[in-house]
$ cat entry08.txt   # compact mmCIF, C-alpha atoms
# COMPACT_ATOMS: atom_id res chain seq x y z
CA MET Q 82 0.00 0.00 0.00
CA ALA Q 83 1.57 3.25 -1.12
CA LEU Q 84 1.91 6.30 1.09
CA THR Q 85 0.38 9.51 -0.23
CA ALA Q 86 1.62 13.00 0.51
CA LEU Q 87 1.92 13.49 4.25
CA LYS Q 88 -0.89 16.02 4.48
CA TYR Q 89 -3.06 13.81 6.67
CA THR Q 90 -2.53 13.29 10.39
CA VAL Q 91 -3.45 9.95 11.94
CA GLN Q 92 -6.00 10.50 14.69
CA GLU Q 93 -5.96 8.32 17.79
CA LYS Q 94 -9.72 7.92 17.51
CA ALA Q 95 -11.09 7.45 14.02
CA LEU Q 96 -14.29 6.77 12.09
CA ILE Q 97 -13.72 4.63 9.00
CA LEU Q 98 -16.28 4.13 6.24
CA GLY Q 99 -15.80 0.80 4.47
CA ILE Q 100 -17.14 0.03 0.98
CA GLU Q 101 -17.32 -3.45 -0.58
CA SER Q 102 -18.36 -4.22 -4.19
CA SER Q 103 -16.08 -7.00 -5.39
CA CYS Q 104 -18.78 -9.45 -6.50
CA ASP Q 105 -22.54 -9.38 -6.07
CA GLU Q 106 -23.06 -7.66 -2.71
CA THR Q 107 -23.10 -3.88 -2.44
CA ALA Q 108 -22.07 -3.08 1.12
CA ALA Q 109 -21.05 -0.20 3.37
CA SER Q 110 -20.09 -0.06 7.03
CA VAL Q 111 -18.93 2.52 9.56
CA LEU Q 112 -16.38 1.48 12.19
CA ARG Q 113 -15.13 3.47 15.18
CA ARG Q 114 -11.51 2.80 16.18
CA GLN Q 115 -10.44 3.78 19.67
CA ALA Q 116 -7.00 4.98 20.76
CA ASP Q 117 -6.23 1.60 22.33
CA GLY Q 118 -6.87 -0.22 19.04
CA SER Q 119 -10.29 -1.55 20.01
CA PHE Q 120 -13.14 -0.92 17.62
CA GLU Q 121 -16.90 -0.91 17.30
CA ILE Q 122 -19.02 -1.61 14.23
CA LEU Q 123 -21.58 1.20 14.16
CA SER Q 124 -23.37 0.02 11.02
CA SER Q 125 -23.17 -2.72 8.40
CA ILE Q 126 -25.45 -2.58 5.38
CA ILE Q 127 -25.48 -5.26 2.67
CA ALA Q 128 -27.64 -5.24 -0.46
CA SER Q 129 -27.77 -8.65 -2.11
CA GLN Q 130 -28.22 -9.21 -5.85
CA ASP Q 131 -29.30 -12.86 -5.57
CA GLU Q 132 -32.64 -12.28 -7.31
CA LYS Q 133 -30.96 -10.65 -10.30
CA HIS Q 134 -28.51 -13.53 -10.82
CA ALA Q 135 -30.74 -16.47 -9.84
CA PRO Q 136 -32.17 -17.00 -13.39
CA PHE Q 137 -28.61 -17.52 -14.67
CA GLY Q 138 -27.46 -19.86 -11.91
CA GLY Q 139 -24.44 -17.67 -11.15
CA VAL Q 140 -23.14 -14.11 -11.02
CA VAL Q 141 -23.28 -12.21 -14.31
CA PRO Q 142 -20.52 -9.54 -14.18
CA GLU Q 143 -22.35 -6.94 -16.28
CA ILE Q 144 -25.51 -7.20 -14.19
CA ALA Q 145 -23.47 -7.02 -10.97
CA ALA Q 146 -21.61 -3.87 -12.04
CA ARG Q 147 -24.83 -2.12 -13.05
CA ALA Q 148 -26.50 -3.01 -9.75
CA HIS Q 149 -23.53 -1.66 -7.77
CA MET Q 150 -23.74 1.66 -9.58
CA GLN Q 151 -27.48 1.88 -8.95
CA LYS Q 152 -27.33 1.00 -5.24
CA LEU Q 153 -24.02 2.33 -3.96
CA ASP Q 154 -24.98 5.90 -3.03
CA ALA Q 155 -28.08 4.81 -1.11
CA ILE Q 156 -26.21 2.02 0.71
CA ILE Q 157 -23.42 4.39 1.80
CA ASP Q 158 -25.92 6.99 2.95
CA ARG Q 159 -27.83 4.41 4.97
CA ALA Q 160 -24.61 3.16 6.61
CA VAL Q 161 -23.71 6.70 7.69
CA THR Q 162 -27.25 7.39 8.90
CA ASP Q 163 -27.52 4.13 10.84
CA ALA Q 164 -24.16 4.85 12.49
CA ALA Q 165 -25.62 8.15 13.76
CA VAL Q 166 -22.68 10.14 12.43
CA GLU Q 167 -22.20 12.82 9.79
CA TYR Q 168 -20.05 12.58 6.68
CA ASP Q 169 -17.84 15.34 8.09
CA ASP Q 170 -17.11 13.11 11.11
CA LEU Q 171 -15.39 10.47 8.96
CA SER Q 172 -11.62 10.08 9.25
CA ALA Q 173 -11.00 7.97 6.13
CA ILE Q 174 -12.67 5.96 3.37
CA ALA Q 175 -11.62 2.32 2.91
CA ALA Q 176 -12.76 0.53 -0.23
CA THR Q 177 -12.13 -2.81 -1.87
CA SER Q 178 -9.84 -2.21 -4.84
CA GLY Q 179 -9.44 -5.88 -5.76
CA PRO Q 180 -9.43 -8.69 -6.38
CA GLY Q 181 -12.88 -9.21 -7.85
CA LEU Q 182 -15.17 -8.60 -10.81
CA ILE Q 183 -13.57 -5.50 -12.25
CA GLY Q 184 -16.79 -3.62 -13.03
CA GLY Q 185 -17.99 -3.89 -9.44
CA VAL Q 186 -14.59 -3.07 -7.98
CA ILE Q 187 -14.38 0.06 -10.15
CA ALA Q 188 -17.86 1.18 -9.07
CA GLY Q 189 -17.02 0.97 -5.37
CA LEU Q 190 -13.53 2.41 -5.66
CA MET Q 191 -14.67 5.37 -7.77
CA GLY Q 192 -17.38 6.12 -5.23
CA ALA Q 193 -14.80 5.99 -2.45
CA LYS Q 194 -12.44 8.31 -4.34
CA GLY Q 195 -15.21 10.85 -4.88
CA LEU Q 196 -16.12 10.85 -1.19
CA ALA Q 197 -12.52 11.04 -0.02
CA MET Q 198 -11.81 13.98 -2.33
CA SER Q 199 -14.96 15.88 -1.40
CA LEU Q 200 -14.36 15.40 2.33
CA ASP Q 201 -10.57 15.89 2.02
CA ILE Q 202 -9.81 12.72 4.00
CA PRO Q 203 -7.51 9.76 3.23
CA LEU Q 204 -8.39 6.95 0.83
CA ILE Q 205 -7.36 3.42 1.80
CA ALA Q 206 -7.41 0.80 -0.98
CA VAL Q 207 -8.10 -2.56 0.67
CA ASN Q 208 -7.33 -6.03 -0.64
CA HIS Q 209 -10.61 -7.93 -0.39
CA LEU Q 210 -8.75 -11.04 0.75
CA GLU Q 211 -7.12 -9.09 3.56
CA GLY Q 212 -10.60 -8.10 4.68
CA HIS Q 213 -11.40 -11.79 5.06
CA ALA Q 214 -8.02 -12.39 6.69
CA VAL Q 215 -8.73 -9.96 9.55
CA SER Q 216 -12.49 -10.67 9.76
CA PRO Q 217 -12.20 -13.04 12.78
CA LYS Q 218 -11.39 -9.93 14.83
CA LEU Q 219 -15.04 -9.00 14.34
CA ALA Q 220 -15.80 -11.77 16.83
CA GLY Q 221 -13.05 -11.00 19.36
CA GLU Q 222 -9.32 -11.15 19.94
CA CYS Q 223 -7.29 -12.80 17.18
CA PRO Q 224 -3.59 -12.12 17.69
CA PHE Q 225 -0.89 -12.92 15.13
CA PRO Q 226 0.41 -15.34 14.01
CA TYR Q 227 -2.24 -17.76 12.76
CA LEU Q 228 -2.91 -20.24 10.00
CA LEU Q 229 -5.65 -18.96 7.69
CA LEU Q 230 -7.99 -20.95 5.47
CA LEU Q 231 -9.78 -18.65 3.01
CA ILE Q 232 -12.68 -20.46 1.36
CA SER Q 233 -15.17 -18.78 -0.93
CA GLY Q 234 -16.59 -18.77 -4.43
CA GLY Q 235 -13.51 -17.08 -5.78
CA HIS Q 236 -10.66 -18.36 -3.65
CA THR Q 237 -9.45 -21.35 -1.65
CA GLN Q 238 -6.10 -20.70 0.03
CA LEU Q 239 -4.08 -21.64 3.09
CA LEU Q 240 -1.80 -18.88 4.36
CA SER Q 241 0.57 -18.27 7.21
CA VAL Q 242 -0.38 -14.88 8.67
CA LYS Q 243 2.37 -13.29 10.76
CA GLY Q 244 1.05 -9.72 10.77
CA LEU Q 245 -0.82 -7.12 8.74
CA GLY Q 246 0.62 -7.38 5.23
CA ASP Q 247 2.85 -10.35 6.18
CA TYR Q 248 1.38 -13.39 4.43
CA THR Q 249 2.95 -16.59 3.13
CA ARG Q 250 0.90 -18.88 0.93
CA LEU Q 251 1.14 -22.53 1.95
CA GLY Q 252 -1.45 -23.91 -0.44
CA SER Q 253 -4.02 -22.86 -3.02
CA THR Q 254 -6.39 -24.37 -5.55
CA VAL Q 255 -4.94 -25.45 -8.88
CA ASP Q 256 -8.31 -25.11 -10.64
CA ASP Q 257 -11.69 -24.30 -9.10
CA ALA Q 258 -12.46 -22.72 -5.73
CA ALA Q 259 -14.53 -24.64 -3.20
CA GLY Q 260 -17.41 -22.17 -3.36
CA GLU Q 261 -17.54 -22.51 -7.12
CA ALA Q 262 -17.80 -26.27 -6.75
CA PHE Q 263 -20.77 -25.78 -4.43
CA ASP Q 264 -22.47 -23.32 -6.81
CA LYS Q 265 -21.89 -25.40 -9.94
CA SER Q 266 -23.04 -28.60 -8.24
CA ALA Q 267 -26.21 -26.85 -7.12
CA LYS Q 268 -26.76 -25.55 -10.65
CA VAL Q 269 -26.37 -29.02 -12.19
CA MET Q 270 -28.90 -30.40 -9.70
CA GLY Q 271 -31.33 -27.53 -10.21
CA LEU Q 272 -31.21 -26.45 -6.57
CA GLY Q 273 -31.04 -22.73 -7.30
CA PHE Q 274 -28.68 -19.88 -6.50
CA PRO Q 275 -26.70 -19.20 -4.33
CA GLY Q 276 -25.60 -22.80 -4.35
CA GLY Q 277 -23.75 -23.16 -1.06
CA PRO Q 278 -26.74 -22.70 1.29
CA ARG Q 279 -28.96 -24.80 -1.01
CA VAL Q 280 -26.52 -27.72 -0.99
CA GLU Q 281 -26.13 -27.53 2.78
CA LYS Q 282 -29.91 -27.50 3.32
CA THR Q 283 -30.50 -30.40 0.92
CA ALA Q 284 -27.67 -32.41 2.48
CA ALA Q 285 -29.29 -32.29 5.92
CA SER Q 286 -31.54 -35.28 5.12
CA GLY Q 287 -28.97 -37.21 3.07
CA ASP Q 288 -26.55 -40.07 3.66
CA PRO Q 289 -22.94 -38.79 3.34
CA SER Q 290 -21.72 -42.29 2.44
CA ALA Q 291 -24.33 -42.99 -0.23
CA VAL Q 292 -22.37 -41.78 -3.28
CA LYS Q 293 -18.70 -42.57 -3.88
CA LEU Q 294 -16.86 -39.36 -4.78
CA PRO Q 295 -13.14 -38.52 -5.13
CA ARG Q 296 -11.00 -36.69 -2.56
CA PRO Q 297 -8.53 -34.82 -4.81
CA PHE Q 298 -4.92 -34.61 -3.57
CA LYS Q 299 -5.68 -36.58 -0.41
CA GLY Q 300 -2.43 -37.79 1.12
CA LYS Q 301 -0.19 -35.61 -1.04
CA ASP Q 302 2.79 -33.92 0.63
CA HIS Q 303 1.68 -30.39 -0.30
CA ALA Q 304 -1.23 -28.21 0.82
CA ASP Q 305 -2.83 -27.43 -2.55
CA PHE Q 306 -6.45 -28.09 -3.48
CA SER Q 307 -8.33 -29.27 -6.57
CA PHE Q 308 -12.11 -29.22 -6.92
CA ALA Q 309 -12.68 -29.52 -10.68
CA GLY Q 310 -12.67 -33.31 -10.65
CA LEU Q 311 -15.01 -33.47 -7.66
CA LYS Q 312 -17.39 -31.06 -9.37
CA THR Q 313 -17.39 -33.23 -12.51
CA ALA Q 314 -17.97 -36.37 -10.44
CA VAL Q 315 -21.05 -34.79 -8.85
CA ALA Q 316 -22.45 -33.93 -12.29
CA ARG Q 317 -21.95 -37.50 -13.50
CA ALA Q 318 -23.47 -38.98 -10.35
CA TYR Q 319 -26.50 -36.74 -10.73
CA GLU Q 320 -27.04 -37.77 -14.33
CA ALA Q 321 -26.88 -41.44 -13.30
CA SER Q 322 -29.30 -40.99 -10.37
CA ASP Q 323 -33.08 -41.20 -10.37
CA LYS Q 324 -33.13 -37.47 -9.46
CA SER Q 325 -35.56 -38.02 -6.59
CA ASP Q 326 -35.50 -35.82 -3.52
CA GLN Q 327 -33.71 -38.51 -1.54
CA ALA Q 328 -31.16 -39.09 -4.30
CA ASN Q 329 -30.46 -35.37 -4.37
CA ALA Q 330 -30.10 -35.28 -0.60
CA ASP Q 331 -27.71 -38.23 -0.63
CA LEU Q 332 -25.60 -36.67 -3.39
CA CYS Q 333 -25.42 -33.31 -1.61
CA ALA Q 334 -24.47 -34.98 1.66
CA SER Q 335 -21.81 -37.08 -0.08
CA PHE Q 336 -20.41 -34.02 -1.86
CA GLN Q 337 -20.35 -32.00 1.34
CA GLN Q 338 -18.58 -34.84 3.16
CA ALA Q 339 -16.00 -35.07 0.37
CA VAL Q 340 -15.29 -31.35 0.70
CA CYS Q 341 -14.92 -31.72 4.48
CA ASP Q 342 -12.50 -34.61 3.99
CA VAL Q 343 -10.44 -32.58 1.52
CA PHE Q 344 -10.28 -29.61 3.90
CA ASP Q 345 -9.30 -31.94 6.75
CA ASP Q 346 -6.48 -33.58 4.77
CA ARG Q 347 -5.08 -30.43 3.13
CA THR Q 348 -5.33 -28.36 6.33
CA ARG Q 349 -3.62 -31.08 8.35
CA ARG Q 350 -0.68 -30.82 5.96
CA ALA Q 351 -0.73 -27.02 6.14
CA MET Q 352 -0.64 -27.13 9.93
CA ALA Q 353 2.74 -28.87 9.77
CA LEU Q 354 3.99 -26.35 7.20
CA PHE Q 355 2.71 -23.47 9.33
CA ARG Q 356 4.55 -24.62 12.42
CA LYS Q 357 7.71 -24.86 10.34
CA ASP Q 358 7.12 -21.41 8.83
CA ILE Q 359 6.84 -19.71 12.23
CA SER Q 360 9.46 -21.98 13.85
CA ALA Q 361 6.99 -23.35 16.40
CA GLU Q 362 7.37 -26.60 18.34
CA ILE Q 363 5.41 -29.49 16.88
CA ASP Q 364 3.15 -29.79 19.94
CA SER Q 365 2.83 -26.09 20.83
CA PRO Q 366 -0.73 -24.68 20.71
CA GLN Q 367 -1.49 -22.48 17.70
CA ARG Q 368 -4.40 -20.56 16.17
CA PHE Q 369 -6.34 -21.56 13.07
CA VAL Q 370 -8.65 -19.10 11.32
CA VAL Q 371 -11.29 -19.97 8.75
CA ALA Q 372 -12.96 -17.16 6.78
CA GLY Q 373 -14.90 -16.58 3.58
CA GLY Q 374 -18.40 -17.47 2.44
CA VAL Q 375 -17.92 -21.24 2.59
CA ALA Q 376 -16.91 -20.86 6.25
CA ALA Q 377 -20.61 -20.31 6.98
CA ASN Q 378 -21.25 -24.01 6.27
CA LYS Q 379 -21.88 -25.60 9.68
CA LYS Q 380 -20.75 -29.08 8.64
CA ILE Q 381 -17.41 -27.71 7.42
CA ARG Q 382 -16.96 -25.68 10.61
CA SER Q 383 -17.68 -28.72 12.74
CA SER Q 384 -15.20 -30.82 10.78
CA LEU Q 385 -12.47 -28.17 11.08
CA GLU Q 386 -13.13 -27.79 14.80
CA ALA Q 387 -12.58 -31.53 15.30
CA LEU Q 388 -9.33 -31.30 13.34
CA CYS Q 389 -8.14 -28.35 15.44
CA ASN Q 390 -8.88 -30.24 18.65
CA ALA Q 391 -6.83 -33.17 17.41
CA GLN Q 392 -3.91 -31.00 16.23
CA ASN Q 393 -3.69 -28.63 19.23
CA PHE Q 394 -5.02 -25.61 17.33
CA THR Q 395 -7.68 -23.17 18.47
CA LEU Q 396 -10.36 -22.51 15.84
CA LEU Q 397 -11.27 -18.85 15.31
CA ALA Q 398 -13.86 -17.60 12.83
CA PRO Q 399 -15.86 -14.45 12.12
CA PRO Q 400 -19.55 -14.38 13.05
CA LEU Q 401 -21.66 -16.12 10.41
CA LYS Q 402 -23.06 -12.81 9.15
CA PHE Q 403 -19.51 -11.63 8.40
CA CYS Q 404 -18.38 -14.77 6.55
CA THR Q 405 -19.81 -13.71 3.23
CA ASP Q 406 -18.72 -10.48 1.53
CA ASN Q 407 -19.37 -7.47 3.75
CA ALA Q 408 -18.04 -3.96 4.33
CA ALA Q 409 -17.38 -4.33 8.07
CA MET Q 410 -14.28 -6.41 7.32
CA ILE Q 411 -13.16 -3.81 4.76
CA ALA Q 412 -13.62 -1.03 7.31
CA LEU Q 413 -11.66 -3.09 9.85
CA ALA Q 414 -8.76 -3.71 7.45
CA GLY Q 415 -8.87 -0.03 6.55
CA ALA Q 416 -8.74 0.94 10.24
CA GLU Q 417 -5.65 -1.24 10.75
CA HIS Q 418 -3.90 0.48 7.84
CA TYR Q 419 -5.15 3.89 8.95
CA ALA Q 420 -3.42 3.46 12.33
CA LEU Q 421 -0.15 2.91 10.45
CA GLY Q 422 -0.68 5.91 8.17
CA ASN Q 423 -0.98 3.69 5.10
CA PHE Q 424 -2.96 5.89 2.72
CA ASP Q 425 -3.36 5.64 -1.05
CA ALA Q 426 -3.16 8.18 -3.85
CA MET Q 427 -6.25 9.00 -5.89
CA ASP Q 428 -4.77 7.29 -8.93
CA VAL Q 429 -4.77 3.86 -7.26
CA LYS Q 430 -6.22 1.34 -9.70
CA ALA Q 431 -8.89 -1.32 -9.40
CA ARG Q 432 -7.36 -4.79 -9.70
CA PRO Q 433 -9.15 -7.94 -10.93
CA ARG Q 434 -6.24 -10.01 -9.53
CA TRP Q 435 -4.44 -9.16 -6.30
CA PRO Q 436 -2.90 -12.06 -4.35
CA LEU Q 437 -2.27 -11.45 -0.67
CA ASP Q 438 1.19 -12.95 -0.92
CA GLY Q 439 2.60 -11.42 -4.08
CA GLU Q 440 6.03 -13.01 -3.75
CA SER Q 441 4.96 -16.65 -3.53
CA ALA Q 442 2.24 -16.04 -6.11
CA ARG Q 443 4.91 -14.97 -8.61
CA HIS Q 444 7.01 -18.06 -7.94
CA ASN Q 445 4.09 -20.49 -7.80
CA PRO Q 446 1.13 -19.26 -9.87
CA ALA Q 447 -1.32 -21.95 -8.80
CA SER Q 448 -3.94 -20.90 -11.33
CA GLY Q 449 -1.96 -19.85 -14.37
CA PHE Q 450 -5.02 -19.97 -16.59
CA GLY Q 451 -7.25 -17.96 -14.27
CA LYS Q 452 -9.51 -20.86 -13.34
CA LYS Q 453 -9.73 -20.07 -9.67
CA GLY Q 454 -12.51 -17.57 -10.13
CA PRO Q 455 -12.86 -13.79 -9.90
CA LYS Q 456 -10.90 -13.28 -6.68
CA SER Q 457 -7.74 -15.36 -6.99
$ encode --input "entry08.txt" --output "structure tokens"
Amino acid sequence: MALTALKYTVQEKALILGIESSCDETAASVLRRQADGSFEILSSIIASQDEKHAPFGGVVPEIAARAHMQKLDAIIDRAVTDAAVEYDDLSAIAATSGPGLIGGVIAGLMGAKGLAMSLDIPLIAVNHLEGHAVSPKLAGECPFPYLLLLISGGHTQLLSVKGLGDYTRLGSTVDDAAGEAFDKSAKVMGLGFPGGPRVEKTAASGDPSAVKLPRPFKGKDHADFSFAGLKTAVARAYEASDKSDQANADLCASFQQAVCDVFDDRTRRAMALFRKDISAEIDSPQRFVVAGGVAANKKIRSSLEALCNAQNFTLLAPPLKFCTDNAAMIALAGAEHYALGNFDAMDVKARPRWPLDGESARHNPASGFGKKGPKS
């Protein structure tokens, strides 16, 4: 994050407006940061676009960008009003500037630039993934370092997090993200959009051992993921089924169990790599953070909690309402950067790709053909 001209003074107490528009939620939030580093979320407004994208079974970028432009001003105004503050009270504007669907990112970032210029306050360009990375702090204390599993429709990554801006990628998907596998499986089965919650609901009455499905990379000595083959296997199993309600439930339950098993196996490997990365003893207690939209799946959370108990890790996660894309996490990341005086110039660009760990991403581009989705 580049420093702008030193015309702004960091205030001990600050009000940060966060703006999120990286995919299909238009969101704004106001956060108050105290001098001791504690914070309070004063408002968090999210406008979903699910109804607009449901007929297509997935997010249509052009529709998403148009909806952001139509809703953004009203969502920001409501966030400020609900926070019971005035625009002139704001200390800085933090906005997602990538990664994501470029039309939506541009809409939110341009709105943030206009506000920052008109109010003469700093602009903070936030990496959407960093918003997820710090989001567990929305539930309570989450000190560094920790092992982070980011799981969503656009990204599936395991990272060693040593501090703000200090990230080392331990594993990533080589093809599809986990959330995409959920959405595409739901689309094939005609369950509707968004797919993740529909699959989880349908799986509740199913037998997780009913359908034999692959566990990609299980047992491998790295921490990477692959979900394309699993997604294809679900499509083939559906075509071969009688497509009854029970068959659908069994397939969803079997798919969900396969995903849990993959997360268990890949995360177990990453835990060993994490301890090595931070030079920790093999049996010393550590922290494990799971964030992103897929982290809202209760079966996956339960499976990861059991793994953490077995591996001497403490599981930390954001509240369920802050797992999916939201502006509170963007405001929080912005507040952390604000305290350090990390401000951005008005010519900062929107970025469709922006890995958290730029160095390892350059040396190991896990998705060289861009298959990981809009937020890799």
$ atom_distance --input "entry08.txt" --atom1 "CA of Met150 (chain Q)" --atom2 "CA of Leu196 (chain Q)"
14.6 Å
$ closest_residue --input "entry08.txt" --among "Q:Glu320, Q:Asp264, Q:Asp158, Q:Asp346" --to "Arg279 (chain Q)" --atoms "only C-alpha atoms"
Q:Asp264
$ atom_distance --input "entry08.txt" --atom1 "CA of Ile126 (chain Q)" --atom2 "CA of Ala108 (chain Q)"
5.5 Å
$ residues_near_point --input "entry08.txt" --point "(-21.3, -14.5, -8.4)" --cutoff "9 Å" --atoms "only C-alpha atoms" --output "VMD selection string"
chain Q and resid 104 to 105 131 134 138 to 142 145 182 234 to 235 261 275 455
$ atom_distance --input "entry08.txt" --atom1 "CA of Val292 (chain Q)" --atom2 "CA of Val340 (chain Q)"
13.2 Å
$ axis_aligned_box --input "entry08.txt" --around "region 371-383 of chain Q" --padding-each-side "8 Å" --output "AutoDock Vina command-line options"
--center_x -16.6 --center_y -22.8 --center_z 7.6 --size_x 26.6 --size_y 28.5 --size_z 26.3
$ residues_around --input "entry08.txt" --residues "Asp288 (chain Q)" --least-positions-apart "5" --cutoff "8 Å" --atoms "only C-alpha atoms" --output "CSV table (one decimal) with C-alpha atoms, keeping the file's coordinate frame"
chain,number,residue,atom,x,y,z
Q,330,ALA,CA,-30.1,-35.3,-0.6
Q,331,ASP,CA,-27.7,-38.2,-0.6
Q,332,LEU,CA,-25.6,-36.7,-3.4
Q,334,ALA,CA,-24.5,-35.0,1.7
Q,335,SER,CA,-21.8,-37.1,-0.1
$ closest_residue --input "entry08.txt" --among "Q:Ser383, Q:Ile100, Q:Phe394, Q:Ala351" --to "Lys301 (chain Q)" --atoms "all atoms listed in the file"
Q:Ala351
$ decode --input "entry08.txt" --residues "region 402-413 of chain Q" --atoms "N, CA and C atoms" --output "PDB file, in the first residue's frame"
ATOM      1  N   LYS Q 402     -22.601 -13.909  10.019  1.00  0.00           N
ATOM      2  CA  LYS Q 402     -23.057 -12.805   9.152  1.00  0.00           C
ATOM      3  C   LYS Q 402     -21.905 -12.066   8.484  1.00  0.00           C
ATOM      4  N   PHE Q 403     -20.679 -12.279   8.994  1.00  0.00           N
ATOM      5  CA  PHE Q 403     -19.514 -11.628   8.400  1.00  0.00           C
ATOM      6  C   PHE Q 403     -18.622 -12.606   7.646  1.00  0.00           C
ATOM      7  N   CYS Q 404     -19.135 -13.815   7.369  1.00  0.00           N
ATOM      8  CA  CYS Q 404     -18.376 -14.775   6.554  1.00  0.00           C
ATOM      9  C   CYS Q 404     -18.456 -14.406   5.077  1.00  0.00           C
ATOM     10  N   THR Q 405     -19.648 -14.106   4.620  1.00  0.00           N
ATOM     11  CA  THR Q 405     -19.812 -13.706   3.232  1.00  0.00           C
ATOM     12  C   THR Q 405     -19.314 -12.276   3.050  1.00  0.00           C
ATOM     13  N   ASP Q 406     -19.246 -11.809   1.805  1.00  0.00           N
ATOM     14  CA  ASP Q 406     -18.722 -10.478   1.527  1.00  0.00           C
ATOM     15  C   ASP Q 406     -19.491  -9.415   2.308  1.00  0.00           C
ATOM     16  N   ASN Q 407     -18.761  -8.527   2.957  1.00  0.00           N
ATOM     17  CA  ASN Q 407     -19.368  -7.467   3.752  1.00  0.00           C
ATOM     18  C   ASN Q 407     -18.391  -6.302   3.856  1.00  0.00           C
ATOM     19  N   ALA Q 408     -18.888  -5.149   4.245  1.00  0.00           N
ATOM     20  CA  ALA Q 408     -18.038  -3.962   4.330  1.00  0.00           C
ATOM     21  C   ALA Q 408     -17.437  -3.764   5.712  1.00  0.00           C
ATOM     22  N   ALA Q 409     -17.951  -4.467   6.727  1.00  0.00           N
ATOM     23  CA  ALA Q 409     -17.377  -4.333   8.070  1.00  0.00           C
ATOM     24  C   ALA Q 409     -15.927  -4.807   8.074  1.00  0.00           C
ATOM     25  N   MET Q 410     -15.659  -5.900   7.366  1.00  0.00           N
ATOM     26  CA  MET Q 410     -14.278  -6.408   7.318  1.00  0.00           C
ATOM     27  C   MET Q 410     -13.380  -5.463   6.521  1.00  0.00           C
ATOM     28  N   ILE Q 411     -13.936  -4.782   5.529  1.00  0.00           N
ATOM     29  CA  ILE Q 411     -13.160  -3.807   4.758  1.00  0.00           C
ATOM     30  C   ILE Q 411     -12.858  -2.583   5.621  1.00  0.00           C
ATOM     31  N   ALA Q 412     -13.843  -2.146   6.392  1.00  0.00           N
ATOM     32  CA  ALA Q 412     -13.620  -1.026   7.309  1.00  0.00           C
ATOM     33  C   ALA Q 412     -12.577  -1.401   8.360  1.00  0.00           C
ATOM     34  N   LEU Q 413     -12.620  -2.636   8.845  1.00  0.00           N
ATOM     35  CA  LEU Q 413     -11.655  -3.089   9.851  1.00  0.00           C
ATOM     36  C   LEU Q 413     -10.238  -3.115   9.277  1.00  0.00           C
TER      37      LEU Q 413
END
